[in-house]
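K.L.:
Please see the structure below; I have some questions.
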Amino acid sequence: MEICTVGGFEEVGKNMTAVKVEEDVFIFDGGLDIPGIVELQEENLLEYADRSKKGKKPGQGQYSEKKLRKFRAIPNDLVLDKMGWRDKVRAIFVSHAHLDHVGGLPYIATRYPKATIYATPFTMKLLEMILEDEHMKIPNPMKVIKSDSTFFINGKSGKYKVDFVHTTHSTLQCIFPVLHTKEGIFFYALDLKFDNYPTLGNPPNYKKMKELGKKGVKALVMDALYSKTETKPGGERIAQHMIEEAISKMRGKNSAFFLTTFSSHIERLIYIVNLAKKTRREIVFLGRSLSKYVEAAEKVGSWPHKNKVQLIKYAKQREAFLRKLEKDRGKYFIVCTGHQAEENSVMDRLVKGSLPFKFKEGDHVIFASSIIPAPINVALRDKLDSKLRRIGVRLQTNVHVHGHGSREDMRDLIRLLKPKHIIPAHGSLQQETPLIELANEMGYKFGDTSHLSSNGKVLKF
């Protein structure tokens, strides 16, 4: 078994791993990586452009593959060409609907035209909507699979069994793709967060993980983002109580009420709407990414608030609404993009004064999110928060529980799977090293059974 750690092994983003057994190669994820990661990718990188002014033709997308490679915004999967792997790719497995896992596929999947893309209904619908918005097409067959299902894929060197193990994270229908080969089991655990009492859907399938552990897992690639953090993150029920408390503190008949959170976190958005109803205000979602994720959830039957929330995504609609809000601040409860202060997000534009609404003293903003641990995010949020405070806006920040597991979640997964080899992913060297230290505590030996990798490196087992 050979594992190429294509992307996501030196940064938070552009996740992609390729596994080769004999004459068959399988790809896991194909994500984007730009500052701000999730929201910035939607609001800036994938913002609808005026194609006539930009000179773009339908099917090109706003940015070309060449341009994205120049700015290192997609995985450098050209390394697969150098190794002779490209023409051997049989399938692409997508773990979940975050853009650092699926957002690069419109630009790189065309390089593997015979590889079928496998994803859950919500993830596949989001991919289809990205392609539609960008007027792009890919030649790949697309197979919708369910969580906790099993498929068999024919390769040149034989038939491969693939399990799609249900897990929890901060978006809908997340899976751990598991590849059974003649050389043993490869388990792909991105992203990792165990929530035993989710507000939507089932808890992780520990039974299946334990069963796979008994069979023998040869290699485990796992999310190491918070491997230094000892404290176990709370489940989404705790976040629900935190947000309920935060909304209860919003005061002022003529004050504006704003909340910003992850657009992809449908589970959270569902109960935010339920809680916001108690304010007896009309609920409005502002931002392209919010509309896109909600529409994807609606199309797969996972959005219970159809026709109960006004979705506004286009510029003219947004500006018309904000003029109404300026005149009647106490009528609406607004959920918007911009929790990372991403350039061109709704919150960023409001604070910069480029939209027809101005925050005033006594207005409220809830950040139902933490700051993604990248220097640019921290700097942008500090700047935005300072501006809001100077105006006199009442801020409630970090009203949130992490979507990535702590050290204890990682310990639990290792105990369940008992893998022969552990490979940390989804972070910088500084973020991945603590997982190597944890593995050492559990009897693994660095360089022998636990491995730090880098983008483009090949590990042979």
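We name chains A, B, ... following the order of the structure tokens; residues begin at 1 in each chain, and ligands are numbered from 1 as shown.
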Which polymer residues have any atom within 8 Å of an atom of Ile371 of chain A, counting only C-alpha atoms, with same-chain residues fewer than 5 positions away left out, as an mmCIF file with N, CA and C atoms, in the first residue's frame?

P.N.:
```
data_model
loop_
_atom_site.group_PDB
_atom_site.id
_atom_site.type_symbol
_atom_site.label_atom_id
_atom_site.label_comp_id
_atom_site.auth_asym_id
_atom_site.auth_seq_id
_atom_site.Cartn_x
_atom_site.Cartn_y
_atom_site.Cartn_z
ATOM 1 N N HIS A 339 -18.484 35.579 9.763
ATOM 2 C CA HIS A 339 -18.009 35.330 11.121
ATOM 3 C C HIS A 339 -16.493 35.320 11.223
ATOM 4 N N GLN A 340 -15.783 35.158 10.107
ATOM 5 C CA GLN A 340 -14.317 35.244 10.113
ATOM 6 C C GLN A 340 -13.838 36.601 9.594
ATOM 7 N N ASN A 377 -7.052 35.116 9.742
ATOM 8 C CA ASN A 377 -8.381 35.148 10.341
ATOM 9 C C ASN A 377 -8.380 35.910 11.656
ATOM 10 N N VAL A 378 -7.386 35.636 12.480
ATOM 11 C CA VAL A 378 -7.280 36.307 13.780
ATOM 12 C C VAL A 378 -7.148 37.815 13.585
ATOM 13 N N ARG A 381 -10.508 39.388 12.211
ATOM 14 C CA ARG A 381 -11.567 39.461 13.225
ATOM 15 C C ARG A 381 -11.254 40.507 14.295
ATOM 16 N N ASN A 398 -17.571 33.984 20.214
ATOM 17 C CA ASN A 398 -17.228 32.600 20.543
ATOM 18 C C ASN A 398 -18.401 31.843 21.184
#
```

K.L.:
Please give the complete set of residues from segment 93-310 of chain A that DSSP, run on the backbone, assigns to strand (DSSP E), formatted as a PyMOL selection string.

P.N.:
chain A and resi 93+116-119+142-144+149-155+158-167+174-181+184-189+217-223+257-260+282-286+310

K.L.:
Between A:Leu80, A:Ser157, A:Ser248, A:Arg72, which is the closest to Val6 of chain A once you count only C-alpha atoms?

P.N.:
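Checking each candidate against Val6 of chain A, we get A:Leu80 as the closest.
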
K.L.:
Rank nothing, just name the residue among A:Pro419, A:Gly330, A:Gly30, A:Gly427 nearest to Lys210 of chain A, using only C-alpha atoms.

P.N.:
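Smallest separation from Lys210 of chain A among the options: A:Pro419.
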
K.L.:
Which polymer residues have any atom within 12 Å of an atom of Leu350 of chain A, counting only C-alpha atoms, with same-chain residues fewer than 3 positions away left out, as a PyMOL selection string?

P.N.:
chain A and resi 258+286+318-319+322+326+336-338+341-347+353-360+365+384+387-388

K.L.:
Apply DSSP to the structure's backbone, then extract all residues of segment 112-200 of chain A labelled alpha helix (DSSP H) and return them as a list in words.

P.N.:
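Result set for segment 112-200 of chain A (alpha helix (DSSP H)): Pro121, Phe122, Thr123, Met124, Lys125, Leu126, Leu127, Glu128, Met129, Ile130, Leu131, Glu132 and Asp133 of chain A.
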
K.L.:
Selected residues, N, CA and C atoms, written as an mmCIF file, in the first residue's frame, please.

P.N.:
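So result-v9.cif came out as:
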```cif
data_model
loop_
_atom_site.group_PDB
_atom_site.id
_atom_site.type_symbol
_atom_site.label_atom_id
_atom_site.label_comp_id
_atom_site.auth_asym_id
_atom_site.auth_seq_id
_atom_site.Cartn_x
_atom_site.Cartn_y
_atom_site.Cartn_z
ATOM 1 N N PRO A 121 -25.939 12.380 -0.145
ATOM 2 C CA PRO A 121 -26.846 13.254 -0.907
ATOM 3 C C PRO A 121 -26.569 14.741 -0.724
ATOM 4 N N PHE A 122 -26.365 15.193 0.511
ATOM 5 C CA PHE A 122 -26.139 16.618 0.768
ATOM 6 C C PHE A 122 -24.828 17.084 0.146
ATOM 7 N N THR A 123 -23.771 16.289 0.323
ATOM 8 C CA THR A 123 -22.464 16.655 -0.235
ATOM 9 C C THR A 123 -22.527 16.703 -1.754
ATOM 10 N N MET A 124 -23.168 15.719 -2.353
ATOM 11 C CA MET A 124 -23.266 15.690 -3.814
ATOM 12 C C MET A 124 -24.099 16.854 -4.324
ATOM 13 N N LYS A 125 -25.176 17.174 -3.632
ATOM 14 C CA LYS A 125 -26.027 18.290 -4.067
ATOM 15 C C LYS A 125 -25.251 19.599 -4.019
ATOM 16 N N LEU A 126 -24.440 19.776 -2.979
ATOM 17 C CA LEU A 126 -23.634 20.994 -2.899
ATOM 18 C C LEU A 126 -22.649 21.062 -4.066
ATOM 19 N N LEU A 127 -21.989 19.947 -4.367
ATOM 20 C CA LEU A 127 -21.060 19.911 -5.499
ATOM 21 C C LEU A 127 -21.779 20.266 -6.797
ATOM 22 N N GLU A 128 -22.953 19.720 -6.993
ATOM 23 C CA GLU A 128 -23.732 20.018 -8.195
ATOM 24 C C GLU A 128 -24.085 21.500 -8.270
ATOM 25 N N MET A 129 -24.413 22.105 -7.126
ATOM 26 C CA MET A 129 -24.785 23.518 -7.113
ATOM 27 C C MET A 129 -23.579 24.420 -7.381
ATOM 28 N N ILE A 130 -22.409 24.021 -6.895
ATOM 29 C CA ILE A 130 -21.190 24.787 -7.197
ATOM 30 C C ILE A 130 -20.938 24.755 -8.699
ATOM 31 N N LEU A 131 -21.047 23.579 -9.285
ATOM 32 C CA LEU A 131 -20.837 23.434 -10.722
ATOM 33 C C LEU A 131 -21.847 24.261 -11.517
ATOM 34 N N GLU A 132 -23.091 24.235 -11.070
ATOM 35 C CA GLU A 132 -24.144 24.996 -11.754
ATOM 36 C C GLU A 132 -23.894 26.495 -11.652
ATOM 37 N N ASP A 133 -23.557 26.965 -10.466
ATOM 38 C CA ASP A 133 -23.298 28.398 -10.261
ATOM 39 C C ASP A 133 -22.129 28.889 -11.105
#
```

K.L.:
Find the spatial neighbours of Ser289 of chain A, counting only C-alpha atoms, within a cut-off of 6 Å - ignore same-chain residues fewer than 2 positions away - and output them as a list of chain:residue names.

P.N.:
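The filter keeps A:Glu42, A:Ser263, A:Gly287, A:Ser291, A:Lys292.
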
K.L.:
Find the residues around Thr229 of chain A up to 6 Å (only C-alpha atoms counted), leave out those fewer than 2 positions away in its own chain, and share them as a compact mmCIF listing (two decimals) with C-alpha atoms, in the first residue's frame.

P.N.:
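Below is the file out.txt, written as the result:
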```txt
# COMPACT_ATOMS: atom_id res chain seq x y z
CA TYR A 226 -6.93 20.15 17.91
CA SER A 227 -4.64 17.32 18.98
CA THR A 231 -10.61 19.54 26.91
CA SER A 406 -9.91 17.16 20.95
CA ARG A 407 -7.13 14.84 22.01
```

K.L.:
Which residue out of A:Gly84, A:Gly447, A:Pro75, A:Pro139 has the minimum interatomic distance to Ile117 of chain A when only C-alpha atoms are used?

P.N.:
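Among A:Gly84, A:Gly447, A:Pro75, A:Pro139, it is A:Pro139 that comes nearest to Ile117 of chain A.
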
K.L.:
Using only C-alpha atoms, which of the listed residues (A:His426, A:His166, A:Lys70, A:Lys331) sits closest to Lys208 of chain A?

P.N.:
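Looking only at the distances to Lys208 of chain A, the closest residue turns out to be A:His166.
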
K.L.:
Using only C-alpha atoms, which residue out of A:Asn254, A:Ile423, A:Leu413, A:Leu429 lies closest to Lys207 of chain A?

P.N.:
A:Leu413

K.L.:
With only C-alpha atoms counted and 12 Å as the cut-off, give the residues of segment 139-205 of chain A in contact with segment 10-29 of chain A, each with its shortest interatomic distance in Å and the pair that gives it, as CSV.

P.N.:
```
residue,atom,partner,partner_atom,distance
A:Ile153,CA,A:Phe26,CA,10.4
A:Asn154,CA,A:Asp24,CA,9.4
A:Gly155,CA,A:Asp24,CA,6.0
A:Lys156,CA,A:Glu23,CA,6.1
A:Ser157,CA,A:Glu23,CA,5.9
A:Gly158,CA,A:Asp24,CA,8.7
A:Lys159,CA,A:Asp24,CA,10.1
A:Tyr160,CA,A:Asp24,CA,9.7
A:Lys161,CA,A:Phe26,CA,12.0
A:Val162,CA,A:Phe26,CA,10.7
A:Phe164,CA,A:Phe28,CA,12.0
A:Ile175,CA,A:Asp29,CA,11.4
A:Phe176,CA,A:Phe28,CA,9.9
A:Pro177,CA,A:Phe28,CA,7.8
A:Val178,CA,A:Phe28,CA,9.8
A:Leu179,CA,A:Phe26,CA,8.7
A:His180,CA,A:Val21,CA,10.4
A:Thr181,CA,A:Val21,CA,7.4
A:Lys182,CA,A:Val21,CA,8.0
A:Glu183,CA,A:Val21,CA,7.3
A:Gly184,CA,A:Val21,CA,9.8
A:Ile185,CA,A:Val19,CA,10.9
A:Phe186,CA,A:Val19,CA,8.2
A:Phe187,CA,A:Phe28,CA,10.3
A:Tyr188,CA,A:Phe28,CA,7.6
A:Ala189,CA,A:Phe28,CA,10.2
A:Leu190,CA,A:Asn15,CA,8.7
A:Asp191,CA,A:Asn15,CA,10.1
```

K.L.:
Leaving out segment 233-240 of chain A and any residue of its chain fewer than 5 positions from it, which residues lie within 7 Å of it when counting only C-alpha atoms, given as a PyMOL selection string?

P.N.:
chain A and resi 195+197-199+400-402+405-406

K.L.:
Need to verify the contact set: segment 433-437 of chain A, 10 Å, only C-alpha atoms, exclusion of same-chain residues closer than 6 positions in sequence. Can you return it as a list in words?

P.N.:
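Using only C-alpha atoms, the neighbours found are Met222, Asp223, Ala224, Leu225, Tyr226, Ser227, Lys228, Thr229, Arg407, Met410, Arg411, Ile422, Ile423, Pro424, Ala425, Gly427, Tyr444, Lys445, Phe446, Gly447, Thr449, Ser450, His451 and Leu452 of chain A.
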
K.L.:
What is the atom CA of Ser255 of chain A to atom CA of Lys327 of chain A distance in Å?

P.N.:
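Atom CA of Ser255 of chain A sits 11.1 Å away from atom CA of Lys327 of chain A.
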
K.L.:
As an exercise, work out the distance from atom CA of Glu244 of chain A to atom CA of Ala379 of chain A in Å and give it to one decimal place.

P.N.:
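According to the coordinates, atom CA of Glu244 of chain A and atom CA of Ala379 of chain A are separated by 28.1 Å.
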